[in-house]
$ cat model.tsv   # TSV, C-alpha atoms
chain	number	residue	atom	x	y	z
A	25	MET	CA	-21.48	-26.39	-33.19
A	26	GLY	CA	-22.58	-29.93	-32.26
A	27	SER	CA	-20.11	-32.72	-32.94
A	28	GLY	CA	-22.79	-35.42	-33.31
A	29	LEU	CA	-20.30	-37.80	-31.73
A	30	LYS	CA	-20.78	-40.50	-29.13
A	31	TRP	CA	-18.49	-39.39	-26.30
A	32	ARG	CA	-16.78	-41.61	-23.73
A	33	VAL	CA	-15.61	-39.90	-20.53
A	34	ILE	CA	-12.67	-41.55	-18.76
A	35	ARG	CA	-11.97	-40.33	-15.22
A	36	ASP	CA	-8.52	-41.74	-14.72
A	37	SER	CA	-6.47	-42.28	-11.59
A	38	PRO	CA	-3.08	-40.52	-11.32
A	39	CYS	CA	-0.40	-41.98	-13.63
A	40	THR	CA	3.28	-41.42	-14.36
A	41	GLY	CA	4.18	-38.96	-17.10
A	42	SER	CA	5.19	-41.69	-19.53
A	43	HIS	CA	1.93	-43.58	-18.99
A	44	ASN	CA	-0.18	-40.44	-19.27
A	45	MET	CA	1.41	-39.49	-22.60
A	46	ALA	CA	1.17	-43.06	-23.88
A	47	LEU	CA	-2.54	-43.24	-22.99
A	48	ASP	CA	-3.37	-39.92	-24.68
A	49	HIS	CA	-1.44	-40.91	-27.79
A	50	ALA	CA	-2.99	-44.40	-27.84
A	51	LEU	CA	-6.51	-42.98	-27.65
A	52	ALA	CA	-5.73	-40.95	-30.78
A	53	VAL	CA	-4.13	-43.88	-32.63
A	54	CYS	CA	-7.17	-46.09	-31.84
A	55	SER	CA	-9.78	-43.36	-32.52
A	56	GLN	CA	-12.90	-44.57	-34.31
A	57	GLU	CA	-15.26	-42.82	-36.68
A	58	GLY	CA	-18.25	-41.27	-34.91
A	59	GLU	CA	-16.67	-41.46	-31.45
A	60	GLY	CA	-14.96	-38.98	-29.17
A	61	VAL	CA	-13.12	-39.45	-25.87
A	62	LEU	CA	-12.64	-37.05	-22.98
A	63	ARG	CA	-10.00	-38.23	-20.53
A	64	LEU	CA	-9.38	-36.43	-17.22
A	65	TYR	CA	-6.32	-37.23	-15.20
A	66	SER	CA	-3.50	-36.18	-12.91
A	67	TRP	CA	0.12	-37.13	-12.24
A	68	THR	CA	1.71	-39.40	-9.62
A	69	ALA	CA	4.75	-37.10	-9.37
A	70	ALA	CA	5.49	-33.51	-10.33
A	71	THR	CA	6.55	-33.78	-13.98
A	72	VAL	CA	7.95	-31.40	-16.56
A	73	SER	CA	6.57	-32.18	-20.01
A	74	PHE	CA	8.32	-30.85	-23.10
A	75	GLY	CA	6.65	-30.12	-26.42
A	76	ARG	CA	7.26	-32.59	-29.25
A	77	ASN	CA	9.85	-30.35	-30.90
A	78	GLU	CA	11.07	-28.24	-28.00
A	79	ARG	CA	14.79	-28.01	-27.27
A	80	ALA	CA	15.46	-29.45	-23.79
A	81	LYS	CA	18.75	-31.35	-24.08
A	82	GLY	CA	21.45	-29.71	-21.98
A	83	LEU	CA	19.09	-27.06	-20.61
A	84	TYR	CA	17.80	-28.86	-17.51
A	85	ASP	CA	19.62	-29.86	-14.31
A	86	GLN	CA	18.43	-33.45	-14.05
A	87	ALA	CA	20.19	-34.12	-10.73
A	88	ASN	CA	18.46	-31.11	-9.15
A	89	ALA	CA	15.13	-32.32	-10.53
A	90	ALA	CA	15.69	-35.81	-9.12
A	91	GLU	CA	16.43	-34.32	-5.66
A	92	GLN	CA	13.11	-32.49	-5.81
A	93	GLY	CA	11.27	-35.58	-7.06
A	94	ILE	CA	10.49	-33.95	-10.39
A	95	GLU	CA	10.30	-36.21	-13.44
A	96	PHE	CA	10.51	-35.48	-17.18
A	97	VAL	CA	8.54	-36.62	-20.19
A	98	ARG	CA	8.17	-35.45	-23.78
A	99	ARG	CA	4.66	-35.00	-25.15
A	100	PRO	CA	3.41	-36.15	-28.56
A	101	THR	CA	1.91	-32.67	-29.02
A	102	GLY	CA	3.47	-29.31	-29.79
A	103	GLY	CA	4.08	-26.29	-27.61
A	104	ARG	CA	6.48	-25.63	-24.76
A	105	ALA	CA	7.42	-26.84	-21.25
A	106	VAL	CA	4.80	-27.29	-18.53
A	107	LEU	CA	5.36	-28.27	-14.90
A	108	HIS	CA	2.48	-30.59	-14.01
A	109	SER	CA	1.64	-30.79	-10.31
A	110	ALA	CA	-1.60	-29.48	-8.79
A	111	GLU	CA	-3.75	-29.42	-11.90
A	112	VAL	CA	-6.53	-31.14	-13.78
A	113	THR	CA	-5.25	-32.44	-17.09
A	114	TYR	CA	-7.72	-33.07	-19.90
A	115	ALA	CA	-7.41	-34.89	-23.21
A	116	VAL	CA	-9.97	-34.68	-26.00
A	117	VAL	CA	-9.72	-37.16	-28.88
A	118	ALA	CA	-12.02	-36.96	-31.89
A	119	PRO	CA	-12.03	-37.58	-35.64
A	120	VAL	CA	-10.34	-34.57	-37.31
A	121	ARG	CA	-13.35	-33.54	-39.35
A	122	ALA	CA	-15.86	-33.86	-36.50
A	123	LEU	CA	-14.71	-30.67	-34.81
A	124	GLY	CA	-13.72	-28.80	-37.98
A	125	GLY	CA	-9.92	-29.09	-38.32
A	126	PRO	CA	-7.08	-28.16	-35.94
A	127	ARG	CA	-7.79	-24.44	-35.51
A	128	ALA	CA	-11.58	-24.72	-35.42
A	129	SER	CA	-11.42	-27.61	-32.93
A	130	TYR	CA	-9.08	-25.60	-30.70
A	131	VAL	CA	-11.68	-22.84	-30.57
A	132	GLU	CA	-14.55	-25.27	-29.88
A	133	ILE	CA	-12.76	-27.21	-27.13
A	134	ASN	CA	-11.63	-23.99	-25.45
A	135	ARG	CA	-15.23	-22.70	-25.58
A	136	GLY	CA	-16.27	-25.81	-23.67
A	137	LEU	CA	-13.53	-25.33	-21.09
A	138	VAL	CA	-14.50	-21.67	-20.64
A	139	LYS	CA	-18.13	-22.68	-20.17
A	140	GLY	CA	-17.17	-25.23	-17.50
A	141	LEU	CA	-14.70	-23.06	-15.62
A	142	SER	CA	-17.10	-20.11	-15.65
A	143	SER	CA	-19.76	-22.31	-14.04
A	144	ILE	CA	-17.60	-22.66	-10.90
A	145	GLY	CA	-17.01	-18.92	-10.71
A	146	ALA	CA	-13.70	-18.44	-12.53
A	147	ALA	CA	-13.72	-15.25	-14.61
A	148	VAL	CA	-12.06	-16.81	-17.62
A	149	ALA	CA	-11.96	-15.55	-21.19
A	150	VAL	CA	-10.33	-16.54	-24.47
A	151	THR	CA	-7.65	-14.08	-25.49
A	152	ASP	CA	-7.66	-12.67	-29.01
A	153	HIS	CA	-4.07	-11.44	-28.75
A	154	GLY	CA	-0.79	-13.20	-28.06
A	155	GLU	CA	2.27	-14.28	-29.94
A	156	THR	CA	3.19	-16.97	-32.43
A	157	LEU	CA	6.28	-18.43	-30.81
A	158	SER	CA	8.70	-21.17	-31.78
A	159	PRO	CA	8.86	-24.29	-29.58
A	160	ASP	CA	12.17	-22.97	-28.17
A	161	ALA	CA	10.74	-19.70	-26.86
A	162	GLY	CA	10.53	-20.57	-23.15
A	163	ALA	CA	7.80	-22.08	-20.97
A	164	CYS	CA	4.21	-22.75	-22.03
A	165	PHE	CA	2.76	-20.49	-19.37
A	166	GLY	CA	5.14	-17.65	-20.19
A	167	VAL	CA	3.34	-16.01	-23.08
A	168	PRO	CA	-0.18	-16.73	-24.36
A	169	ALA	CA	-0.96	-17.56	-27.96
A	170	PRO	CA	-4.17	-16.28	-29.54
A	171	GLY	CA	-7.19	-18.37	-28.49
A	172	GLU	CA	-5.87	-19.37	-25.06
A	173	ILE	CA	-7.82	-19.28	-21.80
A	174	MET	CA	-6.89	-16.47	-19.46
A	175	VAL	CA	-7.87	-14.88	-16.17
A	176	GLY	CA	-7.20	-11.23	-16.80
A	177	GLU	CA	-3.71	-11.02	-18.28
A	178	LYS	CA	-2.62	-14.40	-16.89
A	179	LYS	CA	-2.90	-17.74	-18.61
A	180	LEU	CA	-4.89	-20.43	-16.75
A	181	VAL	CA	-5.00	-23.27	-19.27
A	182	GLY	CA	-2.16	-24.45	-21.50
A	183	SER	CA	-3.15	-26.77	-24.37
A	184	ALA	CA	-1.53	-28.46	-27.37
A	185	GLN	CA	-2.57	-30.70	-30.24
A	186	LEU	CA	-1.51	-33.69	-32.31
A	187	ARG	CA	-3.01	-34.87	-35.54
A	188	VAL	CA	-2.43	-38.58	-36.11
A	189	GLY	CA	-4.08	-40.14	-39.16
A	190	ASP	CA	-7.71	-39.06	-39.12
A	191	ALA	CA	-7.76	-38.29	-35.40
A	192	LEU	CA	-7.08	-35.17	-33.39
A	193	LEU	CA	-5.75	-35.11	-29.82
A	194	GLN	CA	-5.90	-31.92	-27.78
A	195	HIS	CA	-4.67	-32.11	-24.23
A	196	GLY	CA	-3.86	-29.47	-21.67
A	197	SER	CA	-3.35	-28.37	-18.09
A	198	ILE	CA	-5.86	-26.47	-15.97
A	199	ILE	CA	-3.75	-25.06	-13.16
A	200	ILE	CA	-5.23	-25.43	-9.67
A	201	ASP	CA	-2.17	-24.43	-7.67
A	202	GLY	CA	1.62	-24.43	-7.78
A	203	ASP	CA	4.41	-22.36	-9.20
A	204	GLN	CA	5.55	-22.75	-12.80
A	205	SER	CA	8.58	-20.61	-12.01
A	206	LEU	CA	10.11	-23.72	-10.35
A	207	LEU	CA	11.22	-24.36	-13.93
A	208	ASN	CA	13.81	-21.64	-13.27
A	209	ASP	CA	15.52	-23.80	-10.66
A	210	LEU	CA	15.83	-26.61	-13.15
A	211	THR	CA	17.22	-24.56	-16.01
A	212	GLY	CA	19.43	-22.12	-14.12
A	213	GLU	CA	18.15	-19.45	-16.48
A	214	LEU	CA	15.59	-16.74	-16.07
A	215	ARG	CA	14.04	-17.37	-19.45
A	216	TYR	CA	11.29	-19.44	-17.87
A	217	VAL	CA	10.03	-16.96	-15.25
A	218	VAL	CA	6.26	-17.26	-15.41
A	219	HIS	CA	3.41	-16.67	-13.04
A	220	PRO	CA	0.20	-18.08	-14.51
A	221	ALA	CA	-3.19	-17.75	-12.93
A	222	THR	CA	-4.29	-20.58	-10.65
A	223	LEU	CA	-7.83	-21.59	-9.74
A	224	ARG	CA	-6.88	-21.41	-6.07
A	225	SER	CA	-5.79	-17.77	-6.40
A	226	VAL	CA	-8.99	-16.97	-8.27
A	227	LEU	CA	-11.54	-19.03	-6.33
A	228	GLY	CA	-9.93	-19.74	-2.97
A	229	VAL	CA	-10.83	-23.29	-2.00
A	230	VAL	CA	-11.34	-25.52	-5.02
A	231	HIS	CA	-11.40	-29.30	-5.29
A	232	GLN	CA	-10.11	-31.37	-8.18
A	233	ASP	CA	-13.44	-33.26	-8.52
A	234	GLN	CA	-15.29	-29.97	-8.79
A	235	VAL	CA	-13.05	-28.90	-11.70
A	236	VAL	CA	-13.38	-32.29	-13.40
A	237	THR	CA	-17.17	-32.17	-13.26
A	238	ALA	CA	-17.25	-28.58	-14.51
A	239	VAL	CA	-15.00	-29.44	-17.47
A	240	ILE	CA	-17.18	-32.42	-18.42
A	241	ASP	CA	-20.35	-30.33	-18.22
A	242	GLY	CA	-18.84	-27.44	-20.20
A	243	LEU	CA	-17.56	-29.65	-23.02
A	244	LYS	CA	-20.81	-31.61	-23.09
A	245	HIS	CA	-22.74	-28.37	-23.50
A	246	VAL	CA	-20.57	-27.00	-26.31
A	247	LEU	CA	-19.66	-30.18	-28.23
A	248	GLY	CA	-23.07	-31.86	-27.99
A	249	GLY	CA	-23.62	-35.52	-28.95
A	250	LEU	CA	-24.21	-38.46	-26.62
A	251	TRP	CA	-22.11	-38.69	-23.46
A	252	ASP	CA	-21.36	-41.65	-21.23
A	253	GLU	CA	-18.67	-42.61	-18.73
A	254	GLY	CA	-16.42	-45.56	-19.53
A	255	GLY	CA	-12.93	-47.07	-19.47
A	256	TYR	CA	-10.30	-48.14	-21.96
A	257	ARG	CA	-10.71	-50.70	-24.74
A	258	SER	CA	-8.21	-53.55	-24.77
A	259	GLU	CA	-6.59	-52.29	-27.99
A	260	GLU	CA	-6.12	-48.86	-26.42
A	261	ARG	CA	-4.36	-50.41	-23.41
A	262	LYS	CA	-2.16	-52.52	-25.69
A	263	GLU	CA	-1.20	-49.53	-27.83
A	264	ALA	CA	-0.49	-47.45	-24.72
A	265	ASP	CA	1.78	-50.18	-23.35
A	266	ARG	CA	3.62	-50.33	-26.69
A	267	LEU	CA	4.01	-46.55	-26.92
A	268	GLU	CA	5.18	-46.26	-23.33
A	269	ARG	CA	7.79	-48.99	-23.78
A	270	HIS	CA	9.11	-47.82	-27.13
A	271	ARG	CA	8.76	-44.05	-26.84
A	272	TYR	CA	7.62	-42.30	-23.67
A	273	ARG	CA	9.83	-44.19	-21.22
A	274	GLU	CA	12.83	-43.87	-23.51
A	275	TYR	CA	15.59	-41.47	-22.47
A	276	ALA	CA	16.37	-40.92	-26.17
A	277	TRP	CA	12.81	-39.67	-26.82
A	278	THR	CA	12.60	-37.40	-23.78
A	279	TRP	CA	15.94	-35.76	-24.52
A	280	ARG	CA	15.77	-36.03	-28.31
A	281	ARG	CA	16.38	-32.29	-28.76
B	288	MET	CA	-10.49	-19.93	-51.15
B	289	SER	CA	-7.43	-22.19	-51.30
B	290	ASP	CA	-5.00	-22.10	-54.21
B	291	ILE	CA	-4.92	-25.46	-56.06
B	292	PRO	CA	-2.52	-25.26	-59.04
B	293	SER	CA	-3.72	-27.38	-61.94
B	294	ASP	CA	-0.29	-28.82	-62.83
B	295	LEU	CA	0.38	-30.55	-59.50
B	296	LEU	CA	-0.62	-33.91	-58.02
B	297	TYR	CA	-2.15	-34.23	-54.55
B	298	THR	CA	-2.90	-36.68	-51.74
B	299	GLU	CA	-5.94	-36.90	-49.48
B	300	GLU	CA	-3.53	-36.07	-46.62
B	301	HIS	CA	-2.90	-32.67	-48.26
B	302	GLU	CA	0.62	-33.17	-49.61
B	303	TYR	CA	1.48	-32.22	-53.19
B	304	LEU	CA	4.02	-33.35	-55.80
B	305	ARG	CA	5.49	-30.85	-58.25
B	306	ALA	CA	7.86	-31.84	-61.07
B	307	SER	CA	11.37	-30.53	-60.37
B	308	GLY	CA	12.64	-30.56	-63.95
B	309	GLU	CA	15.04	-33.40	-63.10
B	310	GLU	CA	13.85	-36.75	-64.38
B	311	GLY	CA	11.90	-38.74	-61.80
B	312	ILE	CA	12.41	-36.12	-59.05
B	313	PHE	CA	9.55	-34.17	-57.50
B	314	PHE	CA	9.16	-31.41	-54.92
B	315	VAL	CA	6.95	-32.45	-51.99
B	316	GLY	CA	5.19	-30.03	-49.66
B	317	ILE	CA	1.80	-29.36	-48.09
B	318	THR	CA	-1.04	-27.63	-49.88
B	319	ASP	CA	-2.30	-24.10	-49.42
B	320	TYR	CA	-5.46	-25.58	-47.84
B	321	ALA	CA	-3.37	-27.55	-45.31
B	322	GLN	CA	-1.24	-24.57	-44.29
B	323	GLY	CA	-4.40	-22.51	-43.81
B	324	GLU	CA	-5.93	-25.19	-41.59
B	325	LEU	CA	-2.76	-25.45	-39.49
B	326	GLY	CA	-2.08	-21.74	-39.03
B	327	ASP	CA	1.34	-20.20	-38.43
B	328	VAL	CA	4.03	-22.85	-38.88
B	329	VAL	CA	6.78	-22.62	-36.24
B	330	TYR	CA	8.86	-25.78	-36.76
B	331	ILE	CA	9.43	-28.47	-39.36
B	332	GLU	CA	11.36	-31.70	-38.85
B	333	LEU	CA	12.64	-33.23	-42.08
B	334	PRO	CA	14.61	-36.44	-42.78
B	335	ASP	CA	18.21	-36.74	-43.92
B	336	THR	CA	18.89	-37.00	-47.63
B	337	GLY	CA	19.42	-40.50	-48.93
B	338	ILE	CA	16.65	-42.03	-46.83
B	339	SER	CA	13.92	-43.94	-48.67
B	340	PHE	CA	10.25	-43.91	-47.68
B	341	SER	CA	7.35	-46.11	-48.65
B	342	LYS	CA	4.08	-44.59	-49.77
B	343	MET	CA	2.22	-43.13	-46.74
B	344	GLU	CA	5.22	-43.58	-44.46
B	345	VAL	CA	5.84	-40.64	-42.11
B	346	PHE	CA	8.81	-38.61	-43.39
B	347	GLY	CA	8.66	-35.73	-40.93
B	348	THR	CA	6.50	-33.56	-38.70
B	349	ILE	CA	5.21	-30.03	-38.89
B	350	GLU	CA	4.29	-27.86	-35.89
B	351	ALA	CA	1.97	-24.90	-36.14
B	352	VAL	CA	1.12	-22.98	-32.99
B	353	LYS	CA	1.01	-25.98	-30.59
B	354	ALA	CA	-0.38	-28.39	-33.19
B	355	VAL	CA	1.86	-31.18	-34.46
B	356	SER	CA	1.00	-33.19	-37.59
B	357	ASP	CA	2.86	-36.02	-39.26
B	358	LEU	CA	3.98	-35.55	-42.86
B	359	TYR	CA	3.31	-38.54	-45.13
B	360	SER	CA	5.31	-39.52	-48.18
B	361	PRO	CA	2.85	-39.33	-51.10
B	362	ILE	CA	4.72	-42.04	-52.96
B	363	SER	CA	7.63	-44.44	-52.48
B	364	GLY	CA	11.02	-42.92	-53.16
B	365	GLU	CA	14.34	-41.59	-51.94
B	366	VAL	CA	14.94	-38.12	-50.51
B	367	THR	CA	17.51	-36.34	-52.70
B	368	GLU	CA	17.36	-32.91	-51.05
B	369	ILE	CA	15.66	-31.14	-48.17
B	370	ASN	CA	14.72	-27.48	-47.98
B	371	ILE	CA	17.19	-26.16	-45.41
B	372	GLY	CA	15.63	-22.70	-45.77
B	373	LEU	CA	12.75	-23.93	-43.61
B	374	ASP	CA	15.11	-24.23	-40.61
B	375	ASP	CA	15.49	-20.46	-40.53
B	376	ASP	CA	12.04	-19.55	-41.77
B	377	PRO	CA	9.34	-22.24	-41.39
B	378	SER	CA	6.70	-19.62	-42.21
B	379	LEU	CA	7.65	-20.04	-45.90
B	380	VAL	CA	5.20	-22.95	-45.78
B	381	ASN	CA	2.46	-20.40	-45.05
B	382	SER	CA	3.57	-17.67	-47.41
B	383	ASP	CA	4.61	-19.76	-50.42
B	384	PRO	CA	3.56	-23.41	-49.96
B	385	TYR	CA	4.07	-24.40	-53.62
B	386	GLY	CA	7.29	-22.41	-54.11
B	387	ASP	CA	9.90	-21.61	-51.44
B	388	GLY	CA	7.88	-23.60	-48.88
B	389	TRP	CA	8.65	-26.99	-50.49
B	390	MET	CA	9.93	-29.56	-47.99
B	391	ILE	CA	11.77	-32.41	-49.72
B	392	LYS	CA	12.77	-33.52	-53.19
B	393	LEU	CA	11.83	-37.14	-53.77
B	394	ARG	CA	13.17	-39.48	-56.47
B	395	VAL	CA	10.16	-41.72	-57.09
B	396	ASP	CA	10.74	-45.47	-57.28
B	397	ASP	CA	8.05	-46.12	-59.88
B	398	GLU	CA	6.42	-43.29	-61.86
B	399	SER	CA	3.36	-45.44	-62.54
B	400	ASP	CA	2.51	-44.92	-58.85
B	401	LEU	CA	1.77	-41.28	-59.73
B	402	ASP	CA	-1.47	-42.46	-61.37
B	403	ALA	CA	-2.94	-43.13	-57.94
B	404	LEU	CA	-2.60	-39.48	-56.85
B	405	LEU	CA	-5.34	-36.85	-57.18
B	406	ASP	CA	-5.40	-34.21	-59.88
B	407	ALA	CA	-6.42	-30.64	-58.99
B	408	ASP	CA	-10.14	-31.21	-59.67
B	409	ARG	CA	-10.30	-34.32	-57.51
B	410	TYR	CA	-8.35	-32.63	-54.72
B	411	GLU	CA	-10.74	-29.68	-54.83
B	412	ASP	CA	-13.66	-32.12	-54.48
B	413	HIS	CA	-11.87	-33.75	-51.57
B	414	ILE	CA	-11.50	-30.55	-49.55
B	415	SER	CA	-14.88	-29.04	-50.42

$ encode --input "model.tsv" --output "structure tokens"
Amino acid sequence: MGSGLKWRVIRDSPCTGSHNMALDHALAVCSQEGEGVLRLYSWTAATVSFGRNERAKGLYDQANAAEQGIEFVRRPTGGRAVLHSAEVTYAVVAPVRALGGPRASYVEINRGLVKGLSSIGAAVAVTDHGETLSPDAGACFGVPAPGEIMVGEKKLVGSAQLRVGDALLQHGSIIIDGDQSLLNDLTGELRYVVHPATLRSVLGVVHQDQVVTAVIDGLKHVLGGLWDEGGYRSEERKEADRLERHRYREYAWTWRR
Amino acid sequence: MSDIPSDLLYTEEHEYLRASGEEGIFFVGITDYAQGELGDVVYIELPDTGISFSKMEVFGTIEAVKAVSDLYSPISGEVTEINIGLDDDPSLVNSDPYGDGWMIKLRVDDESDLDALLDADRYEDHIS
């Protein structure tokens, strides 16, 4: 399926969790008819992100996290906890109807990611099984949902969506290295034990730039349209600053549930 | 094929209004088409009773598997009741969107505002 959109690719420098979430959300709020955005980014510090409606209050040892230099943020999107460290994070923003609604767009975007990751040698596939879990059912990389990207029986990419007005945001983590089970240390529970696939375990040496380029090429191939590299518009920066100040940097938002 | 009952009113954002039998009070929920697009609903966040919303103001959020969407008030009014049954079983929105899957009861400020909503035929055109 071709989107027919004009796509802007933003290769961003590493940002804090609050700024990353504010930028993704702002791109969706400022989305324009006929245009799509692919943003690729990383994180200045290891950060646990919670899903929009996930219960986190009282479950995490914040002092322990601070000692380890791990930060927290709450996403605008659904799903469950992810520890972001050695990964490539992507965000796709497009008009809702351009990619065919939330479920259809999930399939299309994941097809693009599979295409890209396959091109660098990762034996990835979209799973047709999995569970429908509540946001309180443990970590994102614990159990796959149908349609997610796997290497064998292990999840490699964790994604989530937000619909805001007429725009759709899907963002997610492509794990290069690291151990999601560090979430255990922060919760003092074993409910988060997870061992997802990593690109390093699958491919050996792999560089972030190589993954970024593969993701761009894969999505370009599947989503079609016109593609160009670019930066942020002034209204996107302004909206991101507003959202970061009033939501993503706020303790009350991060620990709202 | 989505179910579009002929006796309800609809919005382009896929919410519906159904008369409750109490004067000026309507059930609000999302349409069969919307629940089908979202997939399995896992969480719904609703407002407290007594809160008033303007037309198109966000009154809550709904989460399907990983996808969060805002819920928009179809009309200005005050929330008189919320469906607490959705706390235990949010999938009622999938299985019975126009019945047990209702979300809030809204006392509309001005019933003439209902004229701006879509009837079943116009909603069907909108989603086709």

$ atom_distance --input "model.tsv" --atom1 "CA of Val53 in chain A" --atom2 "CA of Val188 in chain A"
6.6 Å

$ atom_distance --input "model.tsv" --atom1 "CA of Gly386 in chain B" --atom2 "CA of Glu324 in chain B"
18.4 Å

$ interface_residues --input "model.tsv" --of "chain A" --to "chain B" --cutoff "9 Å" --atoms "all atoms listed in the file" --output "PyMOL selection string"
chain A and resi 75-77+100-104+125-128+156-159+169+183-189+194

$ residues_around --input "model.tsv" --residues "Arg79 in chain A" --least-positions-apart "3" --cutoff "10 Å" --atoms "only C-alpha atoms" --output "PDB file with C-alpha atoms, in the coordinates of the input"
ATOM      1  CA  PHE A  74       8.320 -30.850 -23.100  1.00  0.00           C
ATOM      2  CA  GLY A  75       6.650 -30.120 -26.420  1.00  0.00           C
ATOM      3  CA  ARG A  76       7.260 -32.590 -29.250  1.00  0.00           C
ATOM      4  CA  GLY A  82      21.450 -29.710 -21.980  1.00  0.00           C
ATOM      5  CA  LEU A  83      19.090 -27.060 -20.610  1.00  0.00           C
ATOM      6  CA  ARG A 104       6.480 -25.630 -24.760  1.00  0.00           C
ATOM      7  CA  ALA A 105       7.420 -26.840 -21.250  1.00  0.00           C
ATOM      8  CA  PRO A 159       8.860 -24.290 -29.580  1.00  0.00           C
ATOM      9  CA  ASP A 160      12.170 -22.970 -28.170  1.00  0.00           C
ATOM     10  CA  ALA A 161      10.740 -19.700 -26.860  1.00  0.00           C
ATOM     11  CA  GLY A 162      10.530 -20.570 -23.150  1.00  0.00           C
ATOM     12  CA  TRP A 279      15.940 -35.760 -24.520  1.00  0.00           C
ATOM     13  CA  ARG A 280      15.770 -36.030 -28.310  1.00  0.00           C
ATOM     14  CA  ARG A 281      16.380 -32.290 -28.760  1.00  0.00           C
TER      15      ARG A 281
END

$ residues_near_point --input "model.tsv" --point "(11.5, -35.9, -17.6)" --cutoff "8 Å" --atoms "all atoms listed in the file" --output "PyMOL selection string"
chain A and resi 41+71-73+94-98+278

$ closest_residue --input "model.tsv" --among "A:Trp251, A:Phe165, A:Tyr65, A:Tyr84" --to "Trp31 in chain A" --atoms "all atoms listed in the file"
A:Trp251

$ atom_distance --input "model.tsv" --atom1 "CA of Asp201 in chain A" --atom2 "CA of Val229 in chain A"
10.4 Å

$ residues_around --input "model.tsv" --residues "Arg266 in chain A" --least-positions-apart "4" --cutoff "12 Å" --atoms "only C-alpha atoms" --output "list in words"
Ser42, His43, Met45, Ala46, Leu47, His49, Ala50, Val53, Glu259, Glu260, Arg261, Lys262, His270, Arg271, Tyr272, Arg273 and Glu274 of chain A

$ residues_around --input "model.tsv" --residues "range 366-369 of chain B" --least-positions-apart "3" --cutoff "12 Å" --atoms "all atoms listed in the file" --output "number ranges by chain"
B: 307, 309, 311-316, 331-341, 346-347, 360, 362-363, 372-374, 387-396

$ residues_around --input "model.tsv" --residues "Ala221 in chain A" --least-positions-apart "3" --cutoff "9 Å" --atoms "all atoms listed in the file" --output "count of residues only"
14

$ residues_around --input "model.tsv" --residues "range 288-290 of chain B" --least-positions-apart "3" --cutoff "10 Å" --atoms "only C-alpha atoms" --output "PyMOL selection string"
chain B and resi 293+318-323+384-385+407+411+414

$ axis_aligned_box --input "model.tsv" --around "range 266-275 of chain A" --padding-each-side "8 Å" --output "JSON"
{"center_x": 9.6, "center_y": -45.9, "center_z": -24.2, "size_x": 28.0, "size_y": 24.9, "size_z": 21.9}

$ build_atoms --input "model.tsv" --residues "range 307-319 of chain B" --atoms "N, CA and C atoms" --output "PDB file, keeping the file's coordinate frame"
ATOM      1  N   SER B 307      10.224 -31.400 -60.663  1.00  0.00           N
ATOM      2  CA  SER B 307      11.370 -30.530 -60.370  1.00  0.00           C
ATOM      3  C   SER B 307      12.119 -30.105 -61.630  1.00  0.00           C
ATOM      4  N   GLY B 308      11.850 -30.805 -62.733  1.00  0.00           N
ATOM      5  CA  GLY B 308      12.640 -30.560 -63.950  1.00  0.00           C
ATOM      6  C   GLY B 308      13.729 -31.610 -64.107  1.00  0.00           C
ATOM      7  N   GLU B 309      14.089 -32.286 -63.018  1.00  0.00           N
ATOM      8  CA  GLU B 309      15.040 -33.400 -63.100  1.00  0.00           C
ATOM      9  C   GLU B 309      14.224 -34.680 -63.247  1.00  0.00           C
ATOM     10  N   GLU B 310      14.659 -35.570 -64.079  1.00  0.00           N
ATOM     11  CA  GLU B 310      13.850 -36.750 -64.380  1.00  0.00           C
ATOM     12  C   GLU B 310      13.573 -37.592 -63.118  1.00  0.00           C
ATOM     13  N   GLY B 311      12.298 -37.860 -62.901  1.00  0.00           N
ATOM     14  CA  GLY B 311      11.900 -38.740 -61.800  1.00  0.00           C
ATOM     15  C   GLY B 311      11.959 -38.093 -60.428  1.00  0.00           C
ATOM     16  N   ILE B 312      12.270 -36.793 -60.356  1.00  0.00           N
ATOM     17  CA  ILE B 312      12.410 -36.120 -59.050  1.00  0.00           C
ATOM     18  C   ILE B 312      11.325 -35.055 -58.895  1.00  0.00           C
ATOM     19  N   PHE B 313      10.678 -35.066 -57.744  1.00  0.00           N
ATOM     20  CA  PHE B 313       9.550 -34.170 -57.500  1.00  0.00           C
ATOM     21  C   PHE B 313       9.737 -33.408 -56.178  1.00  0.00           C
ATOM     22  N   PHE B 314       9.274 -32.153 -56.171  1.00  0.00           N
ATOM     23  CA  PHE B 314       9.160 -31.410 -54.920  1.00  0.00           C
ATOM     24  C   PHE B 314       7.943 -31.934 -54.154  1.00  0.00           C
ATOM     25  N   VAL B 315       8.080 -32.057 -52.840  1.00  0.00           N
ATOM     26  CA  VAL B 315       6.950 -32.450 -51.990  1.00  0.00           C
ATOM     27  C   VAL B 315       6.754 -31.366 -50.934  1.00  0.00           C
ATOM     28  N   GLY B 316       5.506 -31.000 -50.723  1.00  0.00           N
ATOM     29  CA  GLY B 316       5.190 -30.030 -49.660  1.00  0.00           C
ATOM     30  C   GLY B 316       3.745 -30.220 -49.234  1.00  0.00           C
ATOM     31  N   ILE B 317       3.221 -29.285 -48.446  1.00  0.00           N
ATOM     32  CA  ILE B 317       1.800 -29.360 -48.090  1.00  0.00           C
ATOM     33  C   ILE B 317       1.042 -28.270 -48.835  1.00  0.00           C
ATOM     34  N   THR B 318      -0.241 -28.513 -49.034  1.00  0.00           N
ATOM     35  CA  THR B 318      -1.040 -27.630 -49.880  1.00  0.00           C
ATOM     36  C   THR B 318      -1.391 -26.319 -49.163  1.00  0.00           C
ATOM     37  N   ASP B 319      -1.850 -25.385 -49.968  1.00  0.00           N
ATOM     38  CA  ASP B 319      -2.300 -24.100 -49.420  1.00  0.00           C
ATOM     39  C   ASP B 319      -3.451 -24.321 -48.428  1.00  0.00           C
TER      40      ASP B 319
END
